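K.L.:
What follows is input.tsv; its format and atoms are TSV, C-alpha atoms and all ligand atoms.
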chain	number	residue	atom	x	y	z
A	20	MET	CA	172.88	11.51	-21.70
A	21	SER	CA	169.68	10.60	-23.54
A	22	ALA	CA	167.89	13.37	-25.39
A	23	ASN	CA	164.56	12.65	-23.66
A	24	GLN	CA	166.03	12.73	-20.16
A	25	GLU	CA	163.97	14.63	-17.59
A	26	ILE	CA	165.23	18.12	-16.82
A	27	ILE	CA	165.15	19.41	-13.24
A	28	LEU	CA	165.35	23.08	-12.26
A	29	SER	CA	165.20	24.86	-8.92
A	30	GLY	CA	166.72	27.87	-7.17
A	31	ILE	CA	167.10	29.53	-3.78
A	32	ARG	CA	167.31	33.25	-3.02
A	33	PRO	CA	170.55	34.41	-1.33
A	34	THR	CA	168.56	36.31	1.29
A	35	GLY	CA	170.18	34.64	4.30
A	36	ARG	CA	171.58	31.32	5.41
A	37	LEU	CA	170.15	27.99	4.33
A	38	HIS	CA	167.68	26.70	6.94
A	39	TYR	CA	165.97	23.40	7.66
A	40	GLY	CA	162.87	24.38	5.64
A	41	ASN	CA	165.05	25.06	2.59
A	42	TYR	CA	166.94	21.83	3.15
A	43	PHE	CA	164.02	19.43	3.59
A	44	GLY	CA	161.66	21.36	1.29
A	45	ALA	CA	164.16	21.69	-1.55
A	46	VAL	CA	167.87	20.76	-1.23
A	47	HIS	CA	167.14	17.23	0.00
A	48	HIS	CA	165.26	16.64	-3.29
A	49	PHE	CA	168.02	18.35	-5.30
A	50	LEU	CA	170.46	15.79	-3.88
A	51	ARG	CA	168.20	12.84	-4.60
A	52	LEU	CA	167.66	13.92	-8.21
A	53	GLN	CA	171.38	14.55	-8.69
A	54	GLN	CA	172.02	11.07	-7.27
A	55	GLU	CA	169.53	9.58	-9.74
A	56	GLY	CA	171.64	11.02	-12.55
A	57	LYS	CA	168.96	13.45	-13.77
A	58	ARG	CA	169.92	16.53	-15.77
A	59	CYS	CA	169.81	19.08	-12.93
A	60	TYR	CA	169.99	22.87	-13.08
A	61	TYR	CA	170.33	24.48	-9.63
A	62	PHE	CA	170.81	28.21	-9.38
A	63	VAL	CA	171.14	30.93	-6.76
A	64	ALA	CA	168.45	33.51	-7.41
A	65	ASP	CA	170.31	36.79	-7.04
A	66	TYR	CA	167.90	38.78	-9.25
A	67	HIS	CA	165.02	37.55	-7.06
A	68	ALA	CA	166.90	38.61	-3.90
A	69	LEU	CA	166.71	42.24	-5.02
A	70	THR	CA	163.04	42.43	-4.00
A	71	THR	CA	164.21	41.94	-0.40
A	72	ILE	CA	167.87	42.93	0.09
A	73	THR	CA	168.37	46.64	0.39
A	74	GLU	CA	172.07	46.62	1.40
A	75	ARG	CA	173.96	46.43	-1.93
A	76	ARG	CA	177.15	44.90	-0.47
A	77	GLU	CA	175.20	41.89	0.80
A	78	VAL	CA	173.89	40.50	-2.49
A	79	TYR	CA	177.15	39.27	-4.03
A	80	ARG	CA	178.61	38.07	-0.69
A	81	GLN	CA	175.47	36.15	0.20
A	82	THR	CA	175.29	34.66	-3.30
A	83	LEU	CA	178.79	33.20	-2.96
A	84	ASP	CA	178.00	31.98	0.57
A	85	MET	CA	174.82	30.27	-0.63
A	86	LEU	CA	176.80	28.54	-3.38
A	87	ARG	CA	179.36	27.38	-0.81
A	88	THR	CA	176.47	25.98	1.24
A	89	TYR	CA	175.11	24.14	-1.82
A	90	VAL	CA	178.49	22.45	-2.24
A	91	ALA	CA	178.78	21.77	1.51
A	92	CYS	CA	175.40	19.98	1.36
A	93	GLY	CA	176.65	17.69	-1.41
A	94	LEU	CA	175.58	19.42	-4.61
A	95	ASP	CA	178.33	18.80	-7.10
A	96	PRO	CA	179.07	21.40	-9.79
A	97	LEU	CA	180.50	18.64	-12.00
A	98	GLN	CA	177.30	16.59	-11.90
A	99	SER	CA	174.68	19.35	-11.68
A	100	VAL	CA	174.74	22.65	-13.55
A	101	ILE	CA	175.02	25.06	-10.62
A	102	TYR	CA	174.89	28.70	-11.63
A	103	ARG	CA	174.04	32.22	-10.64
A	104	GLN	CA	170.74	33.52	-12.02
A	105	SER	CA	172.25	36.83	-13.16
A	106	ASP	CA	174.90	34.97	-15.19
A	107	LEU	CA	172.02	34.05	-17.46
A	108	PRO	CA	170.72	37.53	-18.38
A	109	SER	CA	168.61	36.03	-21.19
A	110	THR	CA	166.27	35.05	-18.32
A	111	ALA	CA	165.43	38.75	-18.02
A	112	GLU	CA	164.67	38.93	-21.75
A	113	LEU	CA	162.36	35.92	-21.49
A	114	ALA	CA	160.64	37.46	-18.44
A	115	LEU	CA	160.02	40.60	-20.51
A	116	LEU	CA	158.46	38.56	-23.32
A	117	LEU	CA	156.31	36.51	-20.92
A	118	GLY	CA	155.21	39.70	-19.16
A	119	MET	CA	153.46	40.73	-22.40
A	120	ILE	CA	150.93	37.92	-22.03
A	121	THR	CA	150.53	37.86	-18.22
A	122	ASN	CA	147.45	39.48	-16.69
A	123	ILE	CA	148.00	41.77	-13.71
A	124	GLY	CA	144.99	40.13	-11.97
A	125	HIS	CA	146.79	36.78	-12.14
A	126	LEU	CA	149.88	38.29	-10.50
A	127	GLU	CA	147.89	40.08	-7.81
A	128	ARG	CA	146.64	36.67	-6.68
A	129	GLY	CA	150.24	35.47	-6.12
A	130	THR	CA	150.77	34.55	-2.46
A	131	THR	CA	154.07	36.41	-1.99
A	132	TYR	CA	152.60	39.64	-3.35
A	133	LYS	CA	149.31	39.21	-1.46
A	134	ASP	CA	151.13	38.55	1.85
A	135	LYS	CA	153.37	41.61	1.46
A	136	PHE	CA	150.40	43.73	0.43
A	137	ALA	CA	148.51	42.66	3.59
A	138	GLN	CA	151.62	43.31	5.74
A	139	ILE	CA	151.84	46.86	4.40
A	140	GLN	CA	148.19	47.53	5.15
A	141	ASP	CA	149.02	46.61	8.78
A	142	ASP	CA	152.33	48.47	8.95
A	143	PRO	CA	153.15	50.99	6.20
A	144	LYS	CA	156.76	51.24	7.43
A	145	VAL	CA	157.72	47.68	6.36
A	146	ALA	CA	161.40	47.79	5.34
A	147	GLY	CA	162.82	47.65	1.82
A	148	ASN	CA	161.03	48.22	-1.45
A	149	PRO	CA	158.06	46.01	-0.77
A	150	LEU	CA	155.51	46.87	-3.44
A	151	SER	CA	157.87	47.11	-6.38
A	152	TYR	CA	157.09	46.16	-9.95
A	153	GLY	CA	159.70	43.44	-9.38
A	154	LEU	CA	157.73	41.91	-6.50
A	155	LEU	CA	154.48	41.89	-8.47
A	156	GLY	CA	156.37	40.35	-11.41
A	157	TYR	CA	158.19	37.76	-9.26
A	158	PRO	CA	156.15	34.84	-10.70
A	159	VAL	CA	156.95	35.98	-14.28
A	160	LEU	CA	160.68	35.98	-13.56
A	161	MET	CA	160.29	32.61	-11.87
A	162	ALA	CA	158.40	31.32	-14.92
A	163	ALA	CA	161.31	32.51	-17.07
A	164	ASP	CA	163.81	30.68	-14.79
A	165	ILE	CA	161.85	27.45	-15.26
A	166	LEU	CA	160.89	27.71	-18.91
A	167	ILE	CA	164.26	28.92	-20.16
A	168	VAL	CA	165.93	25.56	-19.44
A	169	LYS	CA	162.82	23.62	-20.61
A	170	ALA	CA	162.39	22.10	-17.13
A	171	ASP	CA	160.07	19.12	-16.65
A	172	VAL	CA	160.25	18.93	-12.86
A	173	VAL	CA	160.61	21.79	-10.37
A	174	PRO	CA	161.30	20.54	-6.84
A	175	VAL	CA	160.24	23.27	-4.38
A	176	GLY	CA	158.67	23.51	-0.94
A	177	ASP	CA	154.93	23.84	-0.50
A	178	ASP	CA	155.12	27.66	-0.29
A	179	GLN	CA	156.35	27.86	-3.91
A	180	ARG	CA	153.89	25.40	-5.49
A	181	GLN	CA	151.53	28.12	-6.61
A	182	HIS	CA	154.36	29.93	-8.41
A	183	VAL	CA	155.33	26.77	-10.32
A	184	GLU	CA	151.70	26.33	-11.34
A	185	MET	CA	151.63	29.94	-12.55
A	186	ALA	CA	154.69	29.18	-14.71
A	187	GLY	CA	152.73	26.29	-16.26
A	188	ASP	CA	149.73	28.58	-16.89
A	189	ILE	CA	151.91	31.21	-18.55
A	190	ALA	CA	153.60	28.59	-20.78
A	191	GLN	CA	150.24	27.14	-21.79
A	192	LYS	CA	148.90	30.57	-22.67
A	193	PHE	CA	152.03	31.31	-24.71
A	194	ASN	CA	151.73	28.04	-26.63
A	195	ALA	CA	148.01	28.54	-27.25
A	196	ARG	CA	148.61	32.00	-28.67
A	197	PHE	CA	151.90	31.57	-30.55
A	198	GLY	CA	152.18	27.83	-31.23
A	199	GLU	CA	153.93	25.03	-29.32
A	200	THR	CA	157.15	26.66	-28.16
A	201	LEU	CA	157.56	26.20	-24.40
A	202	GLN	CA	157.93	23.00	-22.40
A	203	ILE	CA	155.18	22.82	-19.73
A	204	PRO	CA	156.71	21.99	-16.32
A	205	ARG	CA	155.11	19.24	-14.30
A	206	SER	CA	153.96	20.43	-10.91
A	207	VAL	CA	155.78	19.43	-7.75
A	208	ALA	CA	154.77	16.57	-5.47
A	209	ARG	CA	151.47	17.09	-3.68
A	210	ASN	CA	152.97	16.24	-0.30
A	211	ALA	CA	155.61	19.01	-0.53
A	212	LEU	CA	156.82	20.18	2.87
A	213	ARG	CA	156.15	23.49	4.60
A	214	LEU	CA	158.27	23.55	7.76
A	215	PRO	CA	156.95	25.94	10.43
A	216	GLY	CA	159.23	28.57	11.99
A	217	LEU	CA	160.89	28.15	15.39
A	218	ASP	CA	158.53	30.88	16.63
A	219	GLY	CA	155.57	28.70	15.64
A	220	ALA	CA	154.77	30.79	12.50
A	221	ALA	CA	153.29	28.81	9.62
A	222	LYS	CA	156.57	28.98	7.64
A	223	MET	CA	160.25	29.06	8.50
A	224	GLY	CA	161.75	31.71	6.21
A	225	LYS	CA	165.15	33.32	5.66
A	226	SER	CA	163.61	36.77	5.84
A	227	ASP	CA	161.48	35.97	8.92
A	228	ASN	CA	164.09	35.66	11.68
A	229	ASN	CA	162.67	32.31	12.83
A	230	THR	CA	165.08	29.82	11.28
A	231	LEU	CA	167.20	26.89	12.35
A	232	ASP	CA	170.19	27.00	10.02
A	233	LEU	CA	172.47	24.31	8.61
A	234	LEU	CA	175.49	26.40	9.59
A	235	ASP	CA	174.40	26.94	13.21
A	236	ASP	CA	177.03	25.66	15.65
A	237	GLU	CA	176.20	23.52	18.70
A	238	LYS	CA	175.73	26.46	21.06
A	239	THR	CA	173.45	28.33	18.70
A	240	VAL	CA	171.40	25.21	17.98
A	241	LEU	CA	170.80	24.58	21.67
A	242	LYS	CA	169.92	28.22	22.33
A	243	LYS	CA	167.46	28.37	19.41
A	244	ILE	CA	165.77	25.07	20.28
A	245	LYS	CA	165.50	25.96	23.97
A	246	GLY	CA	163.81	29.20	22.88
A	247	VAL	CA	161.01	27.42	20.97
A	248	PRO	CA	157.76	28.24	22.81
A	249	THR	CA	156.36	25.12	24.50
A	250	THR	CA	154.50	26.65	27.43
A	251	THR	CA	151.16	25.01	26.65
A	252	ASP	CA	150.53	21.59	28.25
A	253	PRO	CA	150.27	18.83	25.63
A	254	ALA	CA	146.76	18.69	24.17
A	255	PRO	CA	145.40	15.12	23.90
A	256	LEU	CA	145.95	13.59	20.45
A	257	ASN	CA	142.74	12.77	18.70
A	258	THR	CA	144.25	9.91	16.62
A	259	ASP	CA	146.19	6.66	16.95
A	260	SER	CA	148.42	7.64	14.02
A	261	ASN	CA	152.02	8.58	14.70
A	262	ASP	CA	152.49	10.26	11.31
A	263	PRO	CA	153.65	13.88	11.79
A	264	ASN	CA	151.14	14.99	9.12
A	265	ASP	CA	148.36	13.72	11.41
A	266	ILE	CA	149.66	14.71	14.83
A	267	VAL	CA	151.57	17.96	14.28
A	268	PRO	CA	148.45	19.96	13.32
A	269	GLN	CA	146.95	18.94	16.68
A	270	MET	CA	149.92	20.27	18.66
A	271	ALA	CA	150.71	23.81	19.80
A	272	PRO	CA	152.74	25.42	16.94
A	273	GLY	CA	156.11	25.47	18.77
A	274	VAL	CA	155.72	21.86	19.88
A	275	GLY	CA	154.72	20.88	16.35
A	276	VAL	CA	157.95	22.19	14.84
A	277	LEU	CA	160.00	20.20	17.38
A	278	TYR	CA	158.21	16.98	16.39
A	279	ARG	CA	158.54	17.72	12.67
A	280	LEU	CA	162.28	18.23	13.06
A	281	LEU	CA	162.68	15.16	15.26
A	282	HIS	CA	160.87	13.07	12.64
A	283	LEU	CA	163.17	14.39	9.90
A	284	LEU	CA	166.41	13.89	11.83
A	285	ALA	CA	166.19	11.23	14.54
A	286	PRO	CA	165.85	7.44	14.11
A	287	GLU	CA	162.22	6.30	13.98
A	288	GLU	CA	162.37	4.70	17.47
A	289	VAL	CA	163.51	7.97	19.07
A	290	TYR	CA	160.69	9.87	17.38
A	291	LEU	CA	158.14	7.24	18.48
A	292	GLU	CA	159.45	7.32	22.03
A	293	PHE	CA	158.72	11.05	22.22
A	294	VAL	CA	155.29	10.64	20.63
A	295	ALA	CA	154.56	8.17	23.47
A	296	GLU	CA	155.86	10.74	25.99
A	297	TYR	CA	153.51	13.29	24.46
A	298	ARG	CA	150.53	10.96	24.76
A	299	ALA	CA	151.46	10.27	28.41
A	300	GLN	CA	151.37	14.07	28.95
A	301	GLY	CA	154.26	14.15	31.42
A	302	LYS	CA	157.00	16.80	31.71
A	303	PHE	CA	159.35	15.94	28.85
A	304	TYR	CA	159.90	19.10	26.81
A	305	GLY	CA	163.39	19.66	28.33
A	306	LYS	CA	164.52	16.17	27.30
A	307	LEU	CA	162.89	16.51	23.88
A	308	LYS	CA	164.76	19.75	23.23
A	309	GLN	CA	168.10	18.30	24.38
A	310	THR	CA	167.67	15.23	22.16
A	311	LEU	CA	166.61	17.25	19.14
A	312	ALA	CA	169.51	19.68	19.60
A	313	GLN	CA	171.97	16.74	19.58
A	314	HIS	CA	170.54	15.40	16.32
A	315	VAL	CA	170.58	18.84	14.69
A	316	SER	CA	174.20	19.48	15.72
A	317	ALA	CA	175.27	16.06	14.43
A	318	PHE	CA	173.55	16.80	11.12
A	319	ASN	CA	175.16	20.24	10.86
A	320	ALA	CA	178.72	19.25	11.79
A	321	PRO	CA	179.88	17.74	8.45
A	322	ILE	CA	178.13	20.51	6.50
A	323	ILE	CA	179.91	23.18	8.55
A	324	GLU	CA	183.21	21.37	8.02
A	325	ARG	CA	182.78	21.24	4.23
A	326	TYR	CA	181.57	24.85	4.19
A	327	ASN	CA	184.80	25.96	5.87
A	328	ASP	CA	187.05	23.75	3.75
A	329	PRO	CA	189.55	26.10	2.01
A	330	ALA	CA	189.00	24.09	-1.21
A	331	ASN	CA	185.42	25.45	-1.14
A	332	GLY	CA	186.50	29.11	-1.17
A	333	ASP	CA	185.42	32.00	-3.38
A	334	ASP	CA	187.92	31.21	-6.14
A	335	ALA	CA	186.67	27.65	-6.53
A	336	ILE	CA	183.08	28.89	-6.61
A	337	LYS	CA	183.83	31.53	-9.25
A	338	ASP	CA	185.65	28.94	-11.39
A	339	PHE	CA	182.69	26.58	-11.55
A	340	LEU	CA	180.25	29.47	-12.00
A	341	ARG	CA	182.11	30.51	-15.15
A	342	GLU	CA	182.11	26.95	-16.51
A	343	ASN	CA	178.48	26.27	-15.66
A	344	ALA	CA	177.23	29.58	-17.08
A	345	LYS	CA	178.74	28.39	-20.39
A	346	LYS	CA	176.82	25.10	-20.09
A	347	VAL	CA	173.40	26.65	-19.46
A	348	THR	CA	173.66	29.58	-21.90
A	349	PRO	CA	173.07	27.65	-25.19
A	350	VAL	CA	169.82	26.03	-24.00
A	351	ALA	CA	168.63	29.40	-22.63
A	352	LEU	CA	169.37	31.26	-25.85
A	353	ASP	CA	167.63	28.55	-27.84
A	354	THR	CA	164.45	29.09	-25.77
A	355	VAL	CA	164.57	32.88	-25.99
A	356	GLU	CA	165.22	32.85	-29.73
A	357	SER	CA	162.28	30.46	-30.27
A	358	CYS	CA	160.01	32.77	-28.26
A	359	ARG	CA	161.17	35.87	-30.16
A	360	GLU	CA	160.44	34.10	-33.42
A	361	ALA	CA	157.06	32.77	-32.22
A	362	MET	CA	155.99	36.25	-31.07
A	363	GLY	CA	156.98	37.79	-34.36
A	364	ILE	CA	159.93	40.06	-33.57
A	365	GLY	CA	162.26	37.55	-35.19
A	366	ARG	CA	165.56	36.09	-34.06
A	367	SER	CA	168.33	38.32	-32.75
A	368	LEU	CA	170.63	39.57	-35.52
A	369	HIS	CA	173.84	39.34	-33.50
A	370	ARG	CA	173.69	36.04	-31.63
A	371	GLY	CA	174.49	33.93	-34.68
A	401	LIG	P1	162.83	34.28	1.87
A	401	LIG	O1	162.19	34.46	3.22
A	401	LIG	O2	163.91	35.27	1.60
A	401	LIG	O3	161.82	34.21	0.73
A	401	LIG	P2	162.89	31.42	2.03
A	401	LIG	O4	163.37	30.80	3.29
A	401	LIG	O5	161.42	31.47	1.79
A	401	LIG	O6	163.56	32.86	1.92
A	401	LIG	P3	163.41	30.81	-0.74
A	401	LIG	O7	164.75	31.17	-1.31
A	401	LIG	O8	162.27	31.71	-1.01
A	401	LIG	O9	163.60	30.64	0.84
A	401	LIG	O10	163.01	29.35	-1.18
A	401	LIG	C1	163.99	28.36	-1.50
A	401	LIG	C2	163.34	26.98	-1.50
A	401	LIG	O11	163.09	26.57	-0.14
A	401	LIG	C3	161.99	26.92	-2.21
A	401	LIG	O12	161.93	25.67	-2.88
A	401	LIG	C4	160.99	26.98	-1.09
A	401	LIG	O13	159.76	26.35	-1.42
A	401	LIG	C5	161.72	26.21	-0.01
A	401	LIG	N1	161.27	26.62	1.33
A	401	LIG	C6	161.41	27.84	1.89
A	401	LIG	N2	160.91	27.85	3.15
A	401	LIG	C7	160.43	26.59	3.35
A	401	LIG	C8	159.79	25.97	4.46
A	401	LIG	N3	159.56	26.63	5.59
A	401	LIG	N4	159.43	24.66	4.35
A	401	LIG	C9	159.67	23.97	3.20
A	401	LIG	N5	160.27	24.51	2.11
A	401	LIG	C10	160.66	25.80	2.19
A	402	MG	MG	160.68	32.54	0.04
Have the structure of the file written as structure tokens, please.
Ligand code: ATP
Ligand code: MG
P.N.:
Amino acid sequence: MSANQEIILSGIRPTGRLHYGNYFGAVHHFLRLQQEGKRCYYFVADYHALTTITERREVYRQTLDMLRTYVACGLDPLQSVIYRQSDLPSTAELALLLGMITNIGHLERGTTYKDKFAQIQDDPKVAGNPLSYGLLGYPVLMAADILIVKADVVPVGDDQRQHVEMAGDIAQKFNARFGETLQIPRSVARNALRLPGLDGAAKMGKSDNNTLDLLDDEKTVLKKIKGVPTTTDPAPLNTDSNDPNDIVPQMAPGVGVLYRLLHLLAPEEVYLEFVAEYRAQGKFYGKLKQTLAQHVSAFNAPIIERYNDPANGDDAIKDFLRENAKKVTPVALDTVESCREAMGIGRSLHRG
């Protein structure tokens, strides 16, 4: 491996099952970068999940299940360094150091915090521990995740772009104040995806009860897709383009998510056939839903099979977690020690 090879880092919270937004916004890129032979660090963000999960027994179980799903999707713990965020506790030390130079105003402008804040104004009984110090500091912990492995590229969905940019801002501020210490991550692609929810909400999200999941069986897939709201008659399309980025915004939200998914999963000619149906404004939603459900189930089937493979059980996951934590720890400690030194508290006296 060459010393100047690009470093990739990304993570997913174990707050539920992996859905199509997670897959096409993130995991799909993880696989491509792994395939390209890049140095990839992919983690499951169990510290981050604690801003949402209130049932303590769920965190560890869901972390292992998310790791099994990673493997079922094709992420390979021998090619990529796949680890659990909390197995790298030096991330928490780096977050503490970065917190010293992060303005509260900057954090209050973070989208996750702002959205939750607005939600609470509407309904003060929102579940969990919504306005915690941890939630406000989410972007600082995320900056630590990224900066600790000296990541160059952070593949994430559109909803997380702002947080990656904040990590870059924090690193730049650190370097300006204490000298060149941290690697500045490059931002993600401008055309990053934000898949809408099956309910037509702007984003499909694990915590939003509007997801189509990679582990959904045939019956569940059909039920969920049939339930997507398509009551509105097709509105005329104000363009000749067939690109989903051009036409989906002109559709009713539920219809839009069906076309987005069809474009991602079906052969081009099938997608184009249904765009033509849409333009003809006939009654075709039943057929569209049936076709899409078939493509989704065919996509899910091999993933479900690998997920349930006994070779992909808890013991196998724990084995590679132990090995991969050993691989990521030296680079993480190197970053934290450099930051300690740069900030003036000096290197740790016991780490050697
Ligand atoms: P939660 O609701 O608990 O925050 P989530 O579904 O938003 O869960 P995350 O773990 O926060 O998932 O994000 C994991 C990755 O998936 C990130 O890279 C994020 O940008 C991406 N992602 C999440 N939802 C979508 C979506 N609807 N479209 C595209 N990418 C998404
Ligand atoms: Mg999220």
K.L.:
Using all atoms listed in the file, which protein or nucleic acid residues are at most 9 Å from ligand MG 402 (chain A), as a compact mmCIF listing (two decimals) with C-alpha atoms, keeping the file's coordinate frame?
P.N.:
# COMPACT_ATOMS: atom_id res chain seq x y z
CA ILE A 31 167.10 29.53 -3.78
CA ARG A 32 167.31 33.25 -3.02
CA THR A 34 168.56 36.31 1.29
CA THR A 131 154.07 36.41 -1.99
CA ASP A 178 155.12 27.66 -0.29
CA GLN A 179 156.35 27.86 -3.91
CA GLY A 224 161.75 31.71 6.21
CA LYS A 225 165.15 33.32 5.66
CA SER A 226 163.61 36.77 5.84
K.L.:
With only C-alpha atoms as the basis for distance, which of A:Pro96, A:Pro272, A:Gly156, A:Pro349 is at the shortest distance from Tyr60 (chain A)?
P.N.:
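Once distances to Tyr60 (chain A) are computed over only C-alpha atoms, the minimum belongs to A:Pro96.
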K.L.:
Tell me which protein, DNA and RNA residues are within 9 Å of Thr88 (chain A), counting only C-alpha atoms, leaving out same-chain ones fewer than 2 positions away, and put them as a PDB file with C-alpha atoms, in the frame of the given file.
P.N.:
ATOM      1  CA  ARG A  36     171.580  31.320   5.410  1.00  0.00           C
ATOM      2  CA  LEU A  37     170.150  27.990   4.330  1.00  0.00           C
ATOM      3  CA  LEU A  83     178.790  33.200  -2.960  1.00  0.00           C
ATOM      4  CA  ASP A  84     178.000  31.980   0.570  1.00  0.00           C
ATOM      5  CA  MET A  85     174.820  30.270  -0.630  1.00  0.00           C
ATOM      6  CA  LEU A  86     176.800  28.540  -3.380  1.00  0.00           C
ATOM      7  CA  VAL A  90     178.490  22.450  -2.240  1.00  0.00           C
ATOM      8  CA  ALA A  91     178.780  21.770   1.510  1.00  0.00           C
ATOM      9  CA  CYS A  92     175.400  19.980   1.360  1.00  0.00           C
ATOM     10  CA  GLY A  93     176.650  17.690  -1.410  1.00  0.00           C
ATOM     11  CA  LEU A  94     175.580  19.420  -4.610  1.00  0.00           C
ATOM     12  CA  LEU A 233     172.470  24.310   8.610  1.00  0.00           C
ATOM     13  CA  LEU A 234     175.490  26.400   9.590  1.00  0.00           C
ATOM     14  CA  ILE A 322     178.130  20.510   6.500  1.00  0.00           C
ATOM     15  CA  ILE A 323     179.910  23.180   8.550  1.00  0.00           C
ATOM     16  CA  ARG A 325     182.780  21.240   4.230  1.00  0.00           C
ATOM     17  CA  TYR A 326     181.570  24.850   4.190  1.00  0.00           C
TER      18      TYR A 326
END
K.L.:
Could you report the residues within 8 Å of ligand LIG 401 (chain A), using all atoms listed in the file, as JSON, numbers by chain?
P.N.:
{"A": [29, 30, 31, 32, 33, 34, 35, 37, 38, 39, 40, 41, 42, 43, 44, 45, 46, 64, 68, 71, 174, 175, 176, 177, 178, 179, 180, 211, 212, 213, 214, 215, 216, 221, 222, 223, 224, 225, 226, 227]}
K.L.:
Produce a file of the selected residues containing C-alpha atoms, as an mmCIF file, in the frame of the given file.
P.N.:
data_model
loop_
_atom_site.group_PDB
_atom_site.id
_atom_site.type_symbol
_atom_site.label_atom_id
_atom_site.label_comp_id
_atom_site.auth_asym_id
_atom_site.auth_seq_id
_atom_site.Cartn_x
_atom_site.Cartn_y
_atom_site.Cartn_z
ATOM 1 C CA SER A 29 165.200 24.860 -8.920
ATOM 2 C CA GLY A 30 166.720 27.870 -7.170
ATOM 3 C CA ILE A 31 167.100 29.530 -3.780
ATOM 4 C CA ARG A 32 167.310 33.250 -3.020
ATOM 5 C CA PRO A 33 170.550 34.410 -1.330
ATOM 6 C CA THR A 34 168.560 36.310 1.290
ATOM 7 C CA GLY A 35 170.180 34.640 4.300
ATOM 8 C CA LEU A 37 170.150 27.990 4.330
ATOM 9 C CA HIS A 38 167.680 26.700 6.940
ATOM 10 C CA TYR A 39 165.970 23.400 7.660
ATOM 11 C CA GLY A 40 162.870 24.380 5.640
ATOM 12 C CA ASN A 41 165.050 25.060 2.590
ATOM 13 C CA TYR A 42 166.940 21.830 3.150
ATOM 14 C CA PHE A 43 164.020 19.430 3.590
ATOM 15 C CA GLY A 44 161.660 21.360 1.290
ATOM 16 C CA ALA A 45 164.160 21.690 -1.550
ATOM 17 C CA VAL A 46 167.870 20.760 -1.230
ATOM 18 C CA ALA A 64 168.450 33.510 -7.410
ATOM 19 C CA ALA A 68 166.900 38.610 -3.900
ATOM 20 C CA THR A 71 164.210 41.940 -0.400
ATOM 21 C CA PRO A 174 161.300 20.540 -6.840
ATOM 22 C CA VAL A 175 160.240 23.270 -4.380
ATOM 23 C CA GLY A 176 158.670 23.510 -0.940
ATOM 24 C CA ASP A 177 154.930 23.840 -0.500
ATOM 25 C CA ASP A 178 155.120 27.660 -0.290
ATOM 26 C CA GLN A 179 156.350 27.860 -3.910
ATOM 27 C CA ARG A 180 153.890 25.400 -5.490
ATOM 28 C CA ALA A 211 155.610 19.010 -0.530
ATOM 29 C CA LEU A 212 156.820 20.180 2.870
ATOM 30 C CA ARG A 213 156.150 23.490 4.600
ATOM 31 C CA LEU A 214 158.270 23.550 7.760
ATOM 32 C CA PRO A 215 156.950 25.940 10.430
ATOM 33 C CA GLY A 216 159.230 28.570 11.990
ATOM 34 C CA ALA A 221 153.290 28.810 9.620
ATOM 35 C CA LYS A 222 156.570 28.980 7.640
ATOM 36 C CA MET A 223 160.250 29.060 8.500
ATOM 37 C CA GLY A 224 161.750 31.710 6.210
ATOM 38 C CA LYS A 225 165.150 33.320 5.660
ATOM 39 C CA SER A 226 163.610 36.770 5.840
ATOM 40 C CA ASP A 227 161.480 35.970 8.920
#
K.L.:
Name the closest residue to Leu155 (chain A) among the candidates A:Thr130, A:Gln98, A:Thr249, A:Gln140; distances are taken between atoms, counting all atoms listed in the file.
P.N.:
A:Thr130
K.L.:
Quick one: residues within 10 Å of Tyr304 (chain A), only C-alpha atoms, excluding same-chain residues fewer than 5 positions away - as a PyMOL selection string?
P.N.:
chain A and resi 245+249-250+252-253+274+277+293+296-297+309-310
